[in-house]
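Source file my_file.cif; content: mmCIF, C-alpha atoms.
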```cif
data_start
loop_
_atom_site.label_atom_id
_atom_site.label_comp_id
_atom_site.auth_asym_id
_atom_site.auth_seq_id
_atom_site.Cartn_x
_atom_site.Cartn_y
_atom_site.Cartn_z
CA MET V 1 111.80 131.12 98.80
CA GLU V 2 112.64 127.91 96.99
CA TYR V 3 113.13 129.52 93.57
CA ASP V 4 115.68 131.95 94.95
CA GLU V 5 117.37 129.20 96.92
CA ILE V 6 117.87 127.10 93.77
CA ARG V 7 119.50 130.04 92.02
CA ARG V 8 121.60 130.96 95.04
CA HIS V 9 122.92 127.42 95.26
CA GLY V 10 124.25 127.71 91.72
CA GLU V 11 126.02 130.95 92.62
CA ASP V 12 127.52 129.39 95.75
CA THR V 13 129.05 126.43 93.90
CA TYR V 14 130.23 128.35 90.81
CA PRO V 15 132.30 127.48 88.75
CA HIS V 16 131.03 123.99 89.57
CA GLU V 17 127.57 122.61 88.89
CA CYS V 18 125.26 122.56 91.89
CA CYS V 19 122.54 119.95 92.31
CA GLY V 20 119.61 119.31 94.58
CA VAL V 21 116.19 117.83 95.10
CA MET V 22 112.79 119.49 95.02
CA LEU V 23 110.19 118.18 97.45
CA GLY V 24 106.52 118.97 97.20
CA LEU V 25 103.18 117.82 95.89
CA MET V 26 101.85 116.57 92.58
CA GLU V 27 98.60 118.29 91.71
CA ASP V 28 97.00 117.12 88.45
CA ASP V 29 99.82 117.77 85.99
CA ARG V 30 101.53 120.42 88.12
CA ARG V 31 104.44 119.99 90.48
CA ILE V 32 104.25 122.26 93.51
CA VAL V 33 107.63 122.73 95.15
CA LYS V 34 107.45 123.15 98.89
CA ALA V 35 111.09 122.64 99.83
CA THR V 36 114.48 122.18 98.23
CA VAL V 37 117.37 120.13 99.55
CA ARG V 38 120.93 120.91 98.55
CA CYS V 39 122.96 117.84 97.64
CA GLY V 40 126.64 117.23 97.19
CA ASN V 41 127.93 116.63 93.68
CA THR V 42 129.78 113.32 93.61
CA ARG V 43 131.39 114.13 90.23
CA ASP V 44 134.53 115.58 91.77
CA ASP V 45 136.39 114.44 88.64
CA ARG V 46 134.66 117.12 86.54
CA PRO V 47 132.25 119.18 88.66
CA GLN V 48 132.42 122.12 86.27
CA ASP V 49 130.26 120.32 83.72
CA ARG V 50 128.82 117.19 85.38
CA PHE V 51 126.75 116.39 88.43
CA HIS V 52 125.58 113.24 90.16
CA ILE V 53 123.57 112.91 93.35
CA ASP V 54 124.47 110.01 95.63
CA PRO V 55 121.47 107.63 95.68
CA LYS V 56 121.98 107.35 99.43
CA ASP V 57 121.06 111.05 99.65
CA LEU V 58 117.92 110.38 97.59
CA VAL V 59 116.89 107.61 99.99
CA ARG V 60 117.34 109.93 102.96
CA ILE V 61 115.58 112.85 101.28
CA GLN V 62 112.70 110.65 100.11
CA ARG V 63 112.28 109.41 103.69
CA GLN V 64 112.38 112.95 105.11
CA GLY V 65 109.89 114.07 102.50
CA ARG V 66 107.48 111.27 103.41
CA GLU V 67 107.62 112.39 107.04
CA GLN V 68 106.57 115.87 105.92
CA GLY V 69 103.91 114.57 103.54
CA TYR V 70 105.97 115.50 100.47
CA ASP V 71 107.18 113.60 97.42
CA ILE V 72 110.27 114.11 95.31
CA VAL V 73 108.80 116.22 92.48
CA GLY V 74 112.01 117.09 90.69
CA PHE V 75 115.63 118.06 90.68
CA TYR V 76 117.67 121.14 89.96
CA HIS V 77 121.20 121.82 88.84
CA SER V 78 123.21 124.67 87.38
CA HIS V 79 125.11 125.23 84.16
CA PRO V 80 128.14 127.44 84.80
CA ASP V 81 128.63 129.81 81.84
CA CYS V 82 126.29 127.75 79.69
CA PRO V 83 122.63 128.09 78.66
CA ALA V 84 119.86 126.97 80.99
CA GLN V 85 118.85 124.32 78.47
CA TRP V 86 118.98 120.57 78.87
CA SER V 87 121.88 118.81 77.22
CA LYS V 88 122.19 115.34 75.70
CA THR V 89 123.85 114.27 78.96
CA ASP V 90 121.01 115.72 81.01
CA LEU V 91 118.51 113.66 79.03
CA GLU V 92 120.56 110.46 79.02
CA GLU V 93 120.94 110.63 82.80
CA ALA V 94 117.32 111.60 83.57
CA HIS V 95 115.13 108.73 84.75
CA TRP V 96 112.45 110.32 86.94
CA ILE V 97 109.71 110.45 84.35
CA GLY V 98 106.89 112.76 85.44
CA CYS V 99 109.21 115.00 87.44
CA SER V 100 110.60 118.48 86.81
CA TYR V 101 114.19 119.25 85.96
CA VAL V 102 115.19 122.83 86.70
CA ILE V 103 118.35 124.33 85.25
CA THR V 104 119.91 127.70 86.08
CA ARG V 105 122.57 129.39 84.01
CA VAL V 106 125.23 130.98 86.23
CA ASP V 107 127.68 133.39 84.61
CA LYS V 108 130.63 134.59 86.67
CA ARG V 109 128.87 133.66 89.90
CA VAL V 110 125.62 135.47 89.02
CA ALA V 111 122.45 133.48 88.32
CA GLN V 112 120.92 134.26 84.94
CA ASP V 113 118.00 132.31 83.38
CA THR V 114 116.22 129.54 85.23
CA ASN V 115 114.20 127.14 83.10
CA SER V 116 112.19 124.05 83.91
CA PHE V 117 111.62 120.94 81.86
CA SER V 118 109.21 118.09 82.46
CA LEU V 119 110.55 114.62 81.77
CA GLU V 120 107.83 112.92 79.74
CA GLY V 121 107.38 109.49 78.18
CA THR V 122 106.52 106.01 79.31
CA LEU V 123 109.83 104.17 79.08
CA GLU V 124 113.53 104.95 78.81
CA GLU V 125 113.24 104.47 75.07
CA ASP V 126 110.75 107.31 74.52
CA LYS V 127 111.63 109.72 77.33
CA HIS V 128 111.99 113.35 76.34
CA PHE V 129 111.98 116.79 77.92
CA GLU V 130 109.19 119.28 77.40
CA ASP V 131 109.40 122.95 78.32
CA GLU V 132 107.26 123.91 81.26
CA GLY V 133 106.55 127.22 82.91
CA ILE V 134 107.64 128.22 86.39
CA ARG V 135 105.20 130.10 88.59
CA VAL V 136 106.73 131.66 91.71
CA GLU V 137 104.28 132.33 94.51
CA THR V 138 105.13 134.43 97.51
CA ALA V 139 103.67 133.58 100.89
CA VAL V 140 101.63 136.45 102.29
CA ALA V 141 102.11 137.31 105.95
CA ARG V 142 98.82 137.67 107.80
CA MET K 1 108.12 94.66 104.84
CA LYS K 2 107.59 97.85 102.97
CA VAL K 3 108.84 98.67 99.46
CA LEU K 4 108.92 102.42 98.78
CA ILE K 5 107.89 103.33 95.24
CA PRO K 6 109.50 106.44 93.69
CA THR K 7 107.29 109.10 92.15
CA PRO K 8 107.78 108.08 88.48
CA LEU K 9 106.74 104.47 89.11
CA ARG K 10 103.62 105.02 91.21
CA GLN K 11 101.33 105.06 88.19
CA TYR K 12 102.31 101.40 87.69
CA ALA K 13 101.60 100.49 91.32
CA ASP K 14 98.01 101.71 91.62
CA LYS K 15 99.38 105.15 92.61
CA LYS K 16 100.78 103.75 95.86
CA ASP K 17 103.88 105.26 97.41
CA ALA K 18 104.60 102.04 99.30
CA VAL K 19 103.71 98.39 98.83
CA ASP K 20 103.72 95.73 101.56
CA VAL K 21 105.32 92.40 100.72
CA SER K 22 106.24 89.34 102.71
CA ALA K 23 109.70 88.04 101.85
CA THR K 24 112.93 86.65 103.25
CA THR K 25 115.30 88.11 100.63
CA VAL K 26 115.51 91.22 98.48
CA GLY K 27 114.93 89.10 95.38
CA GLU K 28 111.72 87.66 96.83
CA ALA K 29 110.53 91.13 97.82
CA LEU K 30 111.05 92.53 94.31
CA SER K 31 109.48 89.44 92.78
CA GLN K 32 106.39 89.85 94.93
CA LEU K 33 106.26 93.52 94.07
CA THR K 34 106.20 92.80 90.33
CA GLN K 35 103.69 90.00 90.83
CA GLN K 36 101.35 92.39 92.59
CA HIS K 37 102.03 95.11 90.01
CA PRO K 38 103.19 93.48 86.74
CA ASP K 39 103.50 96.81 84.89
CA LEU K 40 106.43 97.70 87.12
CA LYS K 41 108.57 94.92 85.76
CA LYS K 42 109.62 96.52 82.47
CA HIS K 43 110.56 99.72 84.29
CA LEU K 44 112.76 97.93 86.79
CA TYR K 45 114.26 95.15 84.71
CA THR K 46 115.89 94.71 81.31
CA ASP K 47 114.58 92.13 78.85
CA GLY K 48 117.33 89.87 80.16
CA GLY K 49 115.94 90.01 83.69
CA GLN K 50 118.64 92.24 85.21
CA LEU K 51 117.83 95.32 87.25
CA ARG K 52 118.26 98.33 84.97
CA ALA K 53 121.60 100.04 85.58
CA PHE K 54 120.00 103.29 86.73
CA VAL K 55 117.71 101.57 89.26
CA ASN K 56 119.23 101.68 92.75
CA VAL K 57 117.76 99.46 95.45
CA TYR K 58 118.49 100.23 99.08
CA LEU K 59 117.75 97.99 102.02
CA ASN K 60 117.21 100.58 104.73
CA ASP K 61 120.34 102.72 104.18
CA GLU K 62 122.48 100.19 102.33
CA ASP K 63 122.85 99.69 98.57
CA ILE K 64 122.11 96.03 97.88
CA ARG K 65 124.99 95.98 95.36
CA TYR K 66 127.32 96.10 98.38
CA LEU K 67 125.35 93.54 100.37
CA GLU K 68 124.30 90.26 98.82
CA LYS K 69 122.22 91.77 96.01
CA ASP K 70 119.09 89.66 95.40
CA LYS K 71 120.15 87.19 98.07
CA THR K 72 120.33 89.84 100.80
CA PRO K 73 118.19 88.66 103.72
CA VAL K 74 115.37 90.93 104.82
CA SER K 75 113.13 91.09 107.89
CA PRO K 76 109.54 92.32 108.31
CA THR K 77 110.65 95.65 109.78
CA ASP K 78 113.02 96.47 106.90
CA THR K 79 112.32 99.03 104.19
CA LEU K 80 113.35 98.59 100.57
CA SER K 81 113.72 101.85 98.63
CA ILE K 82 113.77 101.98 94.84
CA VAL K 83 115.54 105.14 93.68
CA PRO K 84 116.36 105.82 90.05
CA SER K 85 119.67 107.62 89.52
CA ILE K 86 119.93 111.35 88.95
CA ALA K 87 122.85 112.92 87.09
CA GLY K 88 123.59 115.17 84.14
CA GLY K 89 125.69 118.10 83.03
CA ARG K 90 125.99 120.96 80.61
CA ARG K 91 127.13 120.77 77.00
CA ASN K 92 130.87 120.87 76.53
#
```

Is it possible to express this structure as structure tokens?
Amino acid sequence: MEYDEIRRHGEDTYPHECCGVMLGLMEDDRRIVKATVRCGNTRDDRPQDRFHIDPKDLVRIQRQGREQGYDIVGFYHSHPDCPAQWSKTDLEEAHWIGCSYVITRVDKRVAQDTNSFSLEGTLEEDKHFEDEGIRVETAVAR
Amino acid sequence: MKVLIPTPLRQYADKKDAVDVSATTVGEALSQLTQQHPDLKKHLYTDGGQLRAFVNVYLNDEDIRYLEKDKTPVSPTDTLSIVPSIAGGRRN
């Protein structure tokens, strides 16, 4: 399940920040995540408190998503030993207005809170994060 | 050629995920894109007419910054992808 996978990724990369892309569908004002894609963190100068996804990966993932009928609906990353709340850096470096930003706190390699924030606004100058809920749905085997 | 529009910018391109343009260079392609959809311009460019620093433009799999930027030649079967940057990090 994608929610568990996001959290597991943060545990796997601890004490470094993990990062990845969420693919899915936009439905009214909801983002429905259908798949997640782990990405490498190019910030090998300070991976314990910074992440950056290579745009080349975004191009590839966007293309793969299109083939599956999915859009990029958001991104996730982890905060090792730090609250699952967006930071000033997270906001400064967020540019996908209308998408979800999911953050997981990971303490000593164990995932704690996972929160999601919607990047709202119309331009860089008025962008801001708003809290949004996460609903986890389990597929039912028939 | 096709210009792929990222999710956050589709509302300014009549909700399209891709726009067809006819051009011989990257600069012409982007110019045609903003002519067809003028609201895109302020999201892609600064007031001074430069691509915003966080806007990455890829010709197929290559960043145009490492090609010939606006002067990079394009062909009808090429794809231009616009991908805003994604980065961040926890509080110190």

Return as JSON, numbers by chain the set of residues that the PyMOL selection byres ((chain K) within 12 of (chain V)) yields on the displayed structure. {"K": [4, 5, 6, 7, 8, 9, 10, 11, 12, 15, 16, 17, 18, 39, 40, 41, 42, 43, 44, 45, 46, 52, 53, 54, 55, 56, 57, 58, 59, 60, 61, 62, 63, 64, 79, 80, 81, 82, 83, 84, 85, 86, 87, 88, 89, 90, 91, 92]}

Mind pulling up the distance from CA of Cys39 in chain V to CA of Ile61 in chain V? 9.6 Å

Distance of CA of Ser118 in chain V from CA of Val136 in chain V, expressed in Å to one decimal place: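 Calculated distance between CA of Val136 in chain V and CA of Ser118 in chain V is 16.6 Å.
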
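Between CA of Arg109 in chain V and CA of Asp4 in chain V there is a distance of 14.2 Å.
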
Neighbouring residues of Asp78 in chain K were defined as those with any atom within 12 Å, considering all atoms listed in the file; residues of the same chain fewer than 4 positions away were excluded. Please report them as JSON, numbers by chain. {"K": [1, 2, 3, 4, 20, 21, 22, 23, 24, 25, 26, 29, 58, 59, 60, 61, 62, 72, 73, 74]}

Any chance you could work out the axis-aligned box around range 16-32 of chain K, listed atoms only, 5 Å on each side, giving centre and edge lengths in Å to one decimal, as JSON?
```
{"center_x": 108.1, "center_y": 96.0, "center_z": 98.0, "size_x": 24.7, "size_y": 28.6, "size_z": 20.5}
```

So which residues get picked by the PyMOL selection byres ((chain V and resi 137) around 12) here, written as a compact mmCIF listing (two decimals) with C-alpha atoms, in the frame of the given file?
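Final output, saved to selection09.txt:
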```txt
# COMPACT_ATOMS: atom_id res chain seq x y z
CA MET V 1 111.80 131.12 98.80
CA GLU V 2 112.64 127.91 96.99
CA TYR V 3 113.13 129.52 93.57
CA ASP V 4 115.68 131.95 94.95
CA ILE V 32 104.25 122.26 93.51
CA VAL V 33 107.63 122.73 95.15
CA LYS V 34 107.45 123.15 98.89
CA ILE V 134 107.64 128.22 86.39
CA ARG V 135 105.20 130.10 88.59
CA VAL V 136 106.73 131.66 91.71
CA THR V 138 105.13 134.43 97.51
CA ALA V 139 103.67 133.58 100.89
CA VAL V 140 101.63 136.45 102.29
```

Taking only C-alpha atoms into account, which of V:Pro15, V:Gly10, V:Gly133, V:Gly69 comes nearest Ala35 in chain V?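 Closest to Ala35 in chain V of all the choices is V:Gly69.
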
Please output range 77-91 of chain V, rebuilt to include N, CA and C atoms, as a PDB file, in the frame of the given file.
```
ATOM      1  N   HIS V  77     119.745 121.692  88.893  1.00  0.00           N
ATOM      2  CA  HIS V  77     121.200 121.820  88.840  1.00  0.00           C
ATOM      3  C   HIS V  77     121.545 123.082  88.073  1.00  0.00           C
ATOM      4  N   SER V  78     122.796 123.441  88.057  1.00  0.00           N
ATOM      5  CA  SER V  78     123.210 124.670  87.380  1.00  0.00           C
ATOM      6  C   SER V  78     124.134 124.364  86.221  1.00  0.00           C
ATOM      7  N   HIS V  79     124.179 125.278  85.284  1.00  0.00           N
ATOM      8  CA  HIS V  79     125.110 125.230  84.160  1.00  0.00           C
ATOM      9  C   HIS V  79     126.008 126.458  84.238  1.00  0.00           C
ATOM     10  N   PRO V  80     127.234 126.297  84.744  1.00  0.00           N
ATOM     11  CA  PRO V  80     128.140 127.440  84.800  1.00  0.00           C
ATOM     12  C   PRO V  80     128.505 127.910  83.393  1.00  0.00           C
ATOM     13  N   ASP V  81     128.247 129.190  83.116  1.00  0.00           N
ATOM     14  CA  ASP V  81     128.630 129.810  81.840  1.00  0.00           C
ATOM     15  C   ASP V  81     128.081 129.052  80.640  1.00  0.00           C
ATOM     16  N   CYS V  82     126.880 128.548  80.765  1.00  0.00           N
ATOM     17  CA  CYS V  82     126.290 127.750  79.690  1.00  0.00           C
ATOM     18  C   CYS V  82     124.772 127.909  79.777  1.00  0.00           C
ATOM     19  N   PRO V  83     124.074 127.843  78.631  1.00  0.00           N
ATOM     20  CA  PRO V  83     122.630 128.090  78.660  1.00  0.00           C
ATOM     21  C   PRO V  83     121.855 127.186  79.613  1.00  0.00           C
ATOM     22  N   ALA V  84     120.745 127.734  80.103  1.00  0.00           N
ATOM     23  CA  ALA V  84     119.860 126.970  80.990  1.00  0.00           C
ATOM     24  C   ALA V  84     118.951 126.087  80.154  1.00  0.00           C
ATOM     25  N   GLN V  85     119.563 125.251  79.341  1.00  0.00           N
ATOM     26  CA  GLN V  85     118.850 124.320  78.470  1.00  0.00           C
ATOM     27  C   GLN V  85     119.391 122.925  78.728  1.00  0.00           C
ATOM     28  N   TRP V  86     118.535 121.930  78.630  1.00  0.00           N
ATOM     29  CA  TRP V  86     118.980 120.570  78.870  1.00  0.00           C
ATOM     30  C   TRP V  86     119.919 120.118  77.758  1.00  0.00           C
ATOM     31  N   SER V  87     120.897 119.322  78.158  1.00  0.00           N
ATOM     32  CA  SER V  87     121.880 118.810  77.220  1.00  0.00           C
ATOM     33  C   SER V  87     121.577 117.332  76.942  1.00  0.00           C
ATOM     34  N   LYS V  88     122.321 116.774  76.021  1.00  0.00           N
ATOM     35  CA  LYS V  88     122.190 115.340  75.700  1.00  0.00           C
ATOM     36  C   LYS V  88     122.490 114.523  76.962  1.00  0.00           C
ATOM     37  N   THR V  89     123.491 114.969  77.719  1.00  0.00           N
ATOM     38  CA  THR V  89     123.850 114.270  78.960  1.00  0.00           C
ATOM     39  C   THR V  89     122.718 114.371  79.978  1.00  0.00           C
ATOM     40  N   ASP V  90     122.134 115.556  80.078  1.00  0.00           N
ATOM     41  CA  ASP V  90     121.010 115.720  81.010  1.00  0.00           C
ATOM     42  C   ASP V  90     119.899 114.730  80.691  1.00  0.00           C
ATOM     43  N   LEU V  91     119.589 114.575  79.407  1.00  0.00           N
ATOM     44  CA  LEU V  91     118.510 113.660  79.030  1.00  0.00           C
ATOM     45  C   LEU V  91     118.903 112.201  79.251  1.00  0.00           C
TER      46      LEU V  91
END
```
